[in-house]
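Comments concern the structure below.
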Protein chains: 2
Amino acid sequence: MRITAVRELSVSLDGDIANSLVNFSEHTISLIAIFTDAVRCGKPVIGYAFDSIGRYAQSGLLRERFIPRLLAAGPDELLDPAGERFDPRKISRLLMRNEKPGGHGDRAAAVGALELAIWDLNAKLEDEPACRTLARAIGRDLPSCPSDIRVPVYAAGGYYYADDGLDRLKAEFQSYLDAGFTKFKMKIGGASLASDIERIEAAIAVAGSGAALAVDANGRFDLDMALAYAGAIEPYGLRWYEEIGDPLDYDLNRRIAEAYAGRIATGENLFSVQDVKNLLRFAGMRPSLDVFQMDPGLAYGATEFIAMIDALESHGFDRSHMHPHGGHLINLHIAAGFGLGGCEAYPGVFQPFGGYPGDCRLGDGLVSPTDAPGFGLEQKAELAPFLKQLSDGA
Amino acid sequence: MRITAVRELSVSLDGDIANSLVNFSEHTISLIAIFTDAVRCGKPVIGYAFDSIGRYAQSGLLRERFIPRLLAAGPDELLDPAGERFDPRKISRLLMRNEKPGGHGDRAAAVGALELAIWDLNAKLEDEPACRTLARAIGRDLPSCPSDIRVPVYAAGGYYYADDGLDRLKAEFQSYLDAGFTKFKMKIGGASLASDIERIEAAIAVAGSGAALAVDANGRFDLDMALAYAGAIEPYGLRWYEEIGDPLDYDLNRRIAEAYAGRIATGENLFSVQDVKNLLRFAGMRPSLDVFQMDPGLAYGATEFIAMIDALESHGFDRSHMHPHGGHLINLHIAAGFGLGGCEAYPGVFQPFGGYPGDCRLGDGLVSPTDAPGFGLEQKAELAPFLKQLSDGA
């Protein structure tokens with residue numbers, strides 16, 4: 001079995017929205033296709049994946065460093081001993097050859113996209129949904145009936161729009177409620193504290209309770225602002241208070257954890273297991289309370305993510321407190337396969353990547369992978385034209 | 001004053017050498033040229049810089065994200081209030097627009113190369129060496145006579161070669177001694193401990209004493225191996241023990257600092273001020289003893305480096321303990337301009353970037369910038385053909 005070609009397409013995100021720190025209108029995503037000479041149902045097996053939502057495509061790094069390493073590798077560096085499946089662990093090592101330690105930024109997304117496409121390939125070679133392949137890799141059993149695999153999901157939205165208002169925010173959250181979501185997340189820190197409190201109250205009016213609503217500062221706050229918000233939101237009993245300050249400022253996180261009784265969530269901007277270990281050691285995260293949101297597509301893929309789960313559990317945390325960032329099909333399979341606490345969804349935004357196809361049976365705050373082989377990206381109508389563009393080019 | 005064009009060239013490093021973790025033969029560097037409509041001596045002023053030695057060129061990131069932001073900017077986003085000089089602080093902000101916090105990896109090198117080229121431009125607009133421009137930016141005075149600016153420098157080498165041996169190592173260090181170096185650094189961790197001790201003793205035989213020799217593990221060791229080496233090398237009273245474990249494993253560094261009485265050096269793989277603050281808080285670094293080696297070209301440039309100096313000094317450390325990684329002209333100017341403890345040199349390797357032109361008057365373990373305007377890269381014979389290639393293309 002050989003890799004015959006690897007293609008990448010930089011795809012722009014739809015929409016002109018902003019959180020407290022960045023505008024997403026210029027953000028892009030690397031969509032990857034790995035072509036093989038393996039055949040299923042008369043067609044060559046193609047592995048698809050992408051990095052994740054919210055940062056940038058990695059076209060340059062992929063073409064300059066990572067795709068050439070993959071294409072130059074021999075079967076021993078790519079395949080399991082039987083030569084019938086790809087070996088994600090070997091491939092991760094191969095991709096990182098001659099890469100120095102530290103500096104876990106853009107390259108972690110480039111490698112993540114490729115590594116995830118390898119899982120899509122392996123699942124398609126087994127003719128099974130990727131969540132089953134992922135589960136098997138760590139010795140987990142999944143229910144044999146696909147409809148019994150139900151993953152808690154929340155709707156992430158509540159961004160700042162150029163033309164914004166409380167009525168728009170309530171209508172947005174009402175549409176999520178109508179779609180079957182029971183938990184929600186909104187942005188804070190892009191307006192004054194007083195204005196954000198009004199927004200939070202408006203969202204709670206739709207969500208039903210503070211416990212159904214998380215808030216996300218996207219790393220914007222310094223300590224004083226973080227504590228001011230903490231004091232103001234504590235009475236609402238919110239679901240969690242997310243990415244409060246600089247994601248690498250472990251000391252700030254610790255101080256907030258000491259002052260704020262509610263749940264804290266962070267981790268989406270930590271891109272290596274070493275960064276996660278630092279979070280566990282220094283940031284005051286509280287077992288049985290706080291939430292971790294590392295995103296495999298931004299952080300070297302599922303192999304590194306398994307090491308992150310191990311690091312958490314060896315520090316006394318539980319994987320049920322892991323909710324990966326990036327509401328899309330790949331992380332739904334990650335959450336289902338690894339038995340995490342849940343995943344997010346961006347039903348209204350970040351097309352063509354955000355949200356789930358109708359076959360995923362969203363309802364009662366739960367969502368299921370379909371029984372399509374791999375991550376099932378081919379079933380997502382918005383994404384299909386881009387996949388076709390990649391496969392036509394091969 | 002306008003930026004008229006920005007060009008980048010990916011340049012391969014000469015030589016087939018390895019440290020304990022990577023082989024450098026496939027490493028590349030981004031050489032940058034920023035063209036302006038300003039004229040000095042009848043020629044348009046061009047700012048040159050590069051990221052640094054030891055990782056990779058950032059051609060893709062530069063073309064996809066950072067050069068377009070620079071070219072799209074208006075004068076208010078680029079220039080000081082008088083419109084006569086570029087404003088590195090403003091330009092740093094501009095380059096990082098819509099970049100999320102965290103993830104300080106490849107992009108830090110892309111931004112670093114551009115930001116440093118801005119300093120080269122400003123120095124050429126003043127018709128002065130860049131060390132003077134850098135010193136003025138932080139309110140420092142430099143001696144008015146160029147020959148009075150003397151920077152401590154050590155020769156970094158002692159890599160592992162395909163065809164290696166103690167005689168080769170001794171001959172290499174003898175050549176550095178003959179060239180005027182009095183302090184040296186060699187690699188460890190690429191061979192057995194016993195074999196490395198033989199190499200260290202061979203190097204000391206040339207260097208004259210352990211105090212003249214530093215050793216560099218390039219982040220390879222786990223705690224057990226780090227402590228085994230610490231115990232074995234402590235009797236030699238070496239100059240320092242560098243980058244012992246994973247550069248982000250602050251806890252491991254702290255444990256070694258508690259066990260090893262000698263000096264520890266680290267920081268070359270920390271690419272943001274936030275990572276440096278974590279090192280200062282969690283890694284057990286000892287004021288008046290340990291050494292910091294952050295490298296501006298890999299870490300967003302001189303503006304971020306000034307913030308790193310401030311972070312160190314507010315934690316009770318002194319800038320005389322800063323020796324930036326990357327032995328080349330740019331960091332010689334950084335060390336001279338900011339009054340750091342010194343810089344390194346790679347006299348035998350990493351051409352065309354490593355080492356200093358003859359006019360830099362190397363001797364007695366000291367080296368001086370020349371009086372060429374900017375970083376004086378045009379004076380480095382090995383680099384000149386690449387600069388010409390960039391300027392001819394404009």
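Following the order of the structure tokens, first chain is A, next is B, and so on, with residues numbered from 1 inside each chain and ligands from 1 in the order they appear.
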Hey, could you make a per-residue contact list for chain B against chain A with 9 Å as the cut-off, showing the nearest pair of atoms and its distance in Å to one decimal, counting only C-alpha atoms, sorted by chain and number, as a Markdown table?
```
| residue | atom | partner | partner_atom | distance |
| --- | --- | --- | --- | --- |
| B:Leu21 | CA | A:Asn98 | CA | 7.3 |
| B:Val22 | CA | A:Asn98 | CA | 4.6 |
| B:Asn23 | CA | A:Asn98 | CA | 6.0 |
| B:Phe24 | CA | A:Asn98 | CA | 7.5 |
| B:Glu26 | CA | A:Asn98 | CA | 8.1 |
| B:His27 | CA | A:Asn98 | CA | 8.2 |
| B:Gly54 | CA | A:Lys100 | CA | 8.2 |
| B:Arg55 | CA | A:Lys100 | CA | 7.0 |
| B:Tyr56 | CA | A:Glu99 | CA | 8.7 |
| B:Ala57 | CA | A:Glu64 | CA | 8.9 |
| B:Gln58 | CA | A:Leu61 | CA | 7.6 |
| B:Ser59 | CA | A:Gly60 | CA | 6.8 |
| B:Gly60 | CA | A:Gly60 | CA | 3.6 |
| B:Leu61 | CA | A:Gly60 | CA | 6.1 |
| B:Leu62 | CA | A:Gly60 | CA | 8.8 |
| B:Arg63 | CA | A:Gly60 | CA | 8.3 |
| B:Glu64 | CA | A:Gly60 | CA | 7.7 |
| B:Arg65 | CA | A:Tyr56 | CA | 8.8 |
| B:Arg97 | CA | A:Val22 | CA | 7.5 |
| B:Asn98 | CA | A:Val22 | CA | 4.6 |
| B:Glu99 | CA | A:Val22 | CA | 6.8 |
| B:Lys100 | CA | A:Val22 | CA | 6.8 |
| B:Pro101 | CA | A:Asp246 | CA | 6.3 |
| B:Gly102 | CA | A:Asn269 | CA | 5.6 |
| B:Gly103 | CA | A:Gly105 | CA | 3.8 |
| B:His104 | CA | A:Gly105 | CA | 5.1 |
| B:Gly105 | CA | A:Gly103 | CA | 3.8 |
| B:Asp106 | CA | A:Asp106 | CA | 5.8 |
| B:Arg107 | CA | A:Asp106 | CA | 6.7 |
| B:Ala108 | CA | A:Gly103 | CA | 8.6 |
| B:Asn218 | CA | A:Pro101 | CA | 8.5 |
| B:Gly219 | CA | A:Pro101 | CA | 6.9 |
| B:Arg220 | CA | A:Pro101 | CA | 8.6 |
| B:Asp246 | CA | A:Pro101 | CA | 6.3 |
| B:Pro247 | CA | A:Gly102 | CA | 5.9 |
| B:Leu248 | CA | A:Gly102 | CA | 6.2 |
| B:Asp249 | CA | A:Gln274 | CA | 6.6 |
| B:Tyr250 | CA | A:Asn278 | CA | 7.7 |
| B:Asp251 | CA | A:Asn278 | CA | 8.2 |
| B:Asn269 | CA | A:Gly102 | CA | 5.6 |
| B:Leu270 | CA | A:Gly103 | CA | 6.9 |
| B:Phe271 | CA | A:Gly103 | CA | 6.7 |
| B:Gln274 | CA | A:Leu248 | CA | 6.5 |
| B:Asp275 | CA | A:Leu248 | CA | 7.0 |
| B:Lys277 | CA | A:Asp249 | CA | 8.3 |
| B:Asn278 | CA | A:Asp249 | CA | 7.4 |
| B:Arg281 | CA | A:Asp251 | CA | 8.4 |
| B:Phe282 | CA | A:Phe282 | CA | 7.8 |
```
Residues just named, written with N, CA and C atoms as a CSV table (one decimal), in the first residue's frame:
```csv
chain,number,residue,atom,x,y,z
B,21,LEU,N,19.9,15.9,18.4
B,21,LEU,CA,18.5,15.8,18.1
B,21,LEU,C,18.2,16.0,16.6
B,22,VAL,N,18.9,16.9,15.9
B,22,VAL,CA,18.5,17.1,14.5
B,22,VAL,C,19.7,17.2,13.6
B,23,ASN,N,19.5,16.9,12.4
B,23,ASN,CA,20.5,17.1,11.3
B,23,ASN,C,20.2,18.4,10.6
B,24,PHE,N,21.2,19.2,10.4
B,24,PHE,CA,21.0,20.5,9.9
B,24,PHE,C,21.0,20.6,8.3
B,26,GLU,N,19.0,19.7,6.1
B,26,GLU,CA,17.8,20.2,5.4
B,26,GLU,C,17.3,21.5,5.9
B,27,HIS,N,18.0,22.1,6.9
B,27,HIS,CA,17.5,23.4,7.4
B,27,HIS,C,17.7,24.5,6.5
B,54,GLY,N,19.1,27.3,12.5
B,54,GLY,CA,18.7,26.1,13.3
B,54,GLY,C,17.3,25.6,13.2
B,55,ARG,N,16.4,26.4,12.5
B,55,ARG,CA,15.1,25.9,12.3
B,55,ARG,C,14.9,26.0,10.7
B,56,TYR,N,13.7,26.6,10.3
B,56,TYR,CA,13.4,26.5,8.9
B,56,TYR,C,13.0,27.9,8.4
B,57,ALA,N,13.2,28.1,7.1
B,57,ALA,CA,12.7,29.3,6.4
B,57,ALA,C,11.2,29.3,6.6
B,58,GLN,N,10.6,30.5,6.5
B,58,GLN,CA,9.2,30.7,6.6
B,58,GLN,C,8.6,31.3,5.4
B,59,SER,N,9.0,30.8,4.2
B,59,SER,CA,8.5,31.4,3.0
B,59,SER,C,7.0,31.4,2.9
B,60,GLY,N,6.4,30.3,3.2
B,60,GLY,CA,4.9,30.2,3.1
B,60,GLY,C,4.2,31.1,4.0
B,61,LEU,N,4.5,31.1,5.3
B,61,LEU,CA,3.9,32.0,6.2
B,61,LEU,C,4.1,33.5,5.8
B,62,LEU,N,5.3,33.8,5.4
B,62,LEU,CA,5.6,35.2,5.0
B,62,LEU,C,4.7,35.6,3.8
B,63,ARG,N,4.6,34.7,2.8
B,63,ARG,CA,3.8,35.1,1.6
B,63,ARG,C,2.3,35.1,1.9
B,64,GLU,N,1.9,34.1,2.7
B,64,GLU,CA,0.5,34.0,3.0
B,64,GLU,C,-0.1,35.0,3.9
B,65,ARG,N,0.7,35.4,4.9
B,65,ARG,CA,0.1,36.2,6.0
B,65,ARG,C,0.9,37.5,6.2
B,97,ARG,N,-1.8,41.3,13.6
B,97,ARG,CA,-3.3,41.6,13.5
B,97,ARG,C,-4.0,40.3,13.2
B,98,ASN,N,-5.1,40.0,13.9
B,98,ASN,CA,-5.9,38.8,13.7
B,98,ASN,C,-5.1,37.5,13.9
B,99,GLU,N,-4.0,37.5,14.6
B,99,GLU,CA,-3.3,36.3,15.1
B,99,GLU,C,-3.8,36.0,16.5
B,100,LYS,N,-4.1,34.8,16.8
B,100,LYS,CA,-4.6,34.4,18.1
B,100,LYS,C,-3.4,34.3,19.1
B,101,PRO,N,-3.7,34.5,20.4
B,101,PRO,CA,-2.6,34.3,21.4
B,101,PRO,C,-2.2,32.9,21.5
B,102,GLY,N,-1.0,32.6,22.0
B,102,GLY,CA,-0.5,31.3,22.1
B,102,GLY,C,0.0,30.8,20.7
B,103,GLY,N,0.7,29.6,20.7
B,103,GLY,CA,1.1,29.1,19.5
B,103,GLY,C,2.3,29.8,18.9
B,104,HIS,N,3.3,30.0,19.8
B,104,HIS,CA,4.5,30.8,19.3
B,104,HIS,C,5.5,29.9,18.7
B,105,GLY,N,5.4,29.6,17.4
B,105,GLY,CA,6.3,28.7,16.7
B,105,GLY,C,6.8,29.3,15.5
B,106,ASP,N,6.4,28.7,14.3
B,106,ASP,CA,7.0,29.2,13.1
B,106,ASP,C,6.7,30.7,12.8
B,107,ARG,N,5.5,31.1,13.2
B,107,ARG,CA,5.1,32.5,12.8
B,107,ARG,C,6.1,33.5,13.6
B,108,ALA,N,6.6,33.1,14.7
B,108,ALA,CA,7.5,34.0,15.5
B,108,ALA,C,8.8,34.2,14.7
B,218,ASN,N,20.9,20.3,23.6
B,218,ASN,CA,19.8,20.5,22.7
B,218,ASN,C,18.5,19.9,23.0
B,219,GLY,N,18.2,19.9,24.3
B,219,GLY,CA,16.9,19.6,24.7
B,219,GLY,C,16.6,18.1,24.7
B,220,ARG,N,17.6,17.3,24.7
B,220,ARG,CA,17.4,15.9,24.4
B,220,ARG,C,17.1,15.0,25.7
B,246,ASP,N,13.6,19.1,27.4
B,246,ASP,CA,12.6,19.8,26.5
B,246,ASP,C,12.5,21.3,27.0
B,247,PRO,N,12.7,22.2,26.1
B,247,PRO,CA,12.8,23.7,26.5
B,247,PRO,C,11.5,24.2,27.2
B,248,LEU,N,10.4,23.5,27.0
B,248,LEU,CA,9.2,23.9,27.7
B,248,LEU,C,9.0,23.2,29.0
B,249,ASP,N,9.8,22.3,29.3
B,249,ASP,CA,9.7,21.5,30.6
B,249,ASP,C,10.3,22.2,31.7
B,250,TYR,N,9.6,23.2,32.2
B,250,TYR,CA,10.1,24.1,33.3
B,250,TYR,C,10.4,23.3,34.6
B,251,ASP,N,9.6,22.3,34.8
B,251,ASP,CA,9.7,21.5,36.0
B,251,ASP,C,11.0,20.7,36.0
B,269,ASN,N,14.8,28.2,22.5
B,269,ASN,CA,13.6,27.7,21.9
B,269,ASN,C,12.3,28.2,22.6
B,270,LEU,N,12.4,29.3,23.3
B,270,LEU,CA,11.3,30.1,23.8
B,270,LEU,C,11.0,31.3,22.9
B,271,PHE,N,9.9,31.4,22.3
B,271,PHE,CA,9.7,32.3,21.2
B,271,PHE,C,8.7,33.5,21.5
B,274,GLN,N,5.8,35.6,26.9
B,274,GLN,CA,5.0,34.9,27.8
B,274,GLN,C,5.7,33.5,28.2
B,275,ASP,N,6.3,32.9,27.2
B,275,ASP,CA,7.1,31.7,27.5
B,275,ASP,C,8.3,32.0,28.4
B,277,LYS,N,8.4,34.4,30.6
B,277,LYS,CA,7.9,34.7,32.0
B,277,LYS,C,7.6,33.3,32.7
B,278,ASN,N,7.1,32.3,31.9
B,278,ASN,CA,7.0,31.0,32.6
B,278,ASN,C,8.3,30.4,33.0
B,281,ARG,N,9.2,32.1,36.2
B,281,ARG,CA,8.4,31.7,37.3
B,281,ARG,C,8.6,30.3,37.8
B,282,PHE,N,8.8,29.4,36.8
B,282,PHE,CA,8.6,28.0,37.2
B,282,PHE,C,9.8,27.1,37.1
```
### Message
DSSP on the backbone: which residues in range 103-161 of chain B end up as strand (DSSP E or B)? Give the answer as a PyMOL selection string.
### Response
chain B and resi 129+151-156+160-161
Keeping only N, CA and C atoms, write the selected residues as a short mmCIF file (atom, residue, chain, number, x, y, z; two decimals), in the first residue's frame.
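And here is the file that came out, again-v3.cif:
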```cif
data_model
loop_
_atom_site.label_atom_id
_atom_site.label_comp_id
_atom_site.auth_asym_id
_atom_site.auth_seq_id
_atom_site.Cartn_x
_atom_site.Cartn_y
_atom_site.Cartn_z
N PRO B 129 25.48 52.06 12.42
CA PRO B 129 25.33 50.63 12.71
C PRO B 129 24.06 50.38 13.51
N VAL B 151 32.22 43.15 22.28
CA VAL B 151 31.22 42.23 22.80
C VAL B 151 31.88 40.87 23.07
N PRO B 152 31.73 40.33 24.29
CA PRO B 152 32.25 38.98 24.53
C PRO B 152 31.59 37.97 23.59
N VAL B 153 32.39 37.09 23.06
CA VAL B 153 31.88 36.13 22.08
C VAL B 153 32.53 34.77 22.34
N TYR B 154 31.76 33.70 22.13
CA TYR B 154 32.37 32.38 22.25
C TYR B 154 32.12 31.61 20.95
N ALA B 155 32.98 30.65 20.71
CA ALA B 155 32.87 29.84 19.49
C ALA B 155 32.03 28.61 19.78
N ALA B 156 30.92 28.48 19.06
CA ALA B 156 30.05 27.31 19.22
C ALA B 156 30.36 26.32 18.11
N TYR B 160 28.36 16.71 16.06
CA TYR B 160 28.64 15.33 15.68
C TYR B 160 28.70 15.26 14.16
N TYR B 161 29.79 14.74 13.66
CA TYR B 161 29.97 14.62 12.22
C TYR B 161 29.91 13.14 11.82
#
```
Tell me which protein, DNA and RNA residues are within 10 Å of Leu366 in chain B, counting only C-alpha atoms, leaving out same-chain ones fewer than 4 positions away, and put them as a short mmCIF file (atom, residue, chain, number, x, y, z; two decimals) with C-alpha atoms, in the first residue's frame.
```
data_model
loop_
_atom_site.label_atom_id
_atom_site.label_comp_id
_atom_site.auth_asym_id
_atom_site.auth_seq_id
_atom_site.Cartn_x
_atom_site.Cartn_y
_atom_site.Cartn_z
CA ILE B 149 32.27 48.61 21.35
CA ARG B 150 33.59 45.15 22.27
CA VAL B 151 31.22 42.23 22.80
CA PRO B 152 32.25 38.98 24.53
CA VAL B 153 31.88 36.13 22.08
CA TYR B 154 32.37 32.38 22.25
CA GLY B 180 41.02 34.64 18.74
CA PHE B 181 38.28 32.91 20.69
CA THR B 182 38.84 32.21 24.40
CA LYS B 183 35.51 30.55 25.23
CA GLY B 342 27.72 38.46 24.89
CA CYS B 343 26.93 36.51 21.79
CA CYS B 360 34.67 42.83 13.04
CA ARG B 361 38.13 42.55 14.65
CA LEU B 362 37.77 39.33 16.55
#
```
### Exercise: range 119-124 of chain A partners within 7 Å, only C-alpha atoms, chain neighbours under 3 positions left out, as a ChimeraX atom specification
/A:45-48,85-86,115-116,127-130,133,373-375
### Query
Could you write out, as a ChimeraX atom specification, all the residues of range 77-260 of chain B that DSSP marks as helix (DSSP H, G or I)?
/B:77-78,88-95,106-126,130-137,146-148,166-179,193-207,210-212,223-236,250-259
### Summary
In Å and to one decimal, CA of Pro88 in chain B is distant from CA of Asp51 in chain B by 15.8 Å
### Task
Considering only C-alpha atoms, return as a PyMOL selection string whatever protein or nucleic-acid residues lie within 7 Å of Phe221 in chain B, sequence-local ones (same chain, fewer than 4 positions apart) excluded.
chain B and resi 225-226+244-245
### Query
Which residues come within 8 Å of Phe353 in chain B, counting only C-alpha atoms, excluding same-chain residues fewer than 5 positions away, as a ChimeraX atom specification?
/B:13,53,328,382-383
Could the residues in this selection be written to a file with C-alpha atoms, as a compact mmCIF listing (two decimals), in the first residue's frame?
```txt
# COMPACT_ATOMS: atom_id res chain seq x y z
CA LEU B 13 22.66 25.96 5.33
CA ILE B 53 20.01 29.52 12.35
CA HIS B 328 25.67 35.93 13.45
CA GLU B 382 29.29 34.51 1.95
CA LEU B 383 25.96 36.32 2.21
```
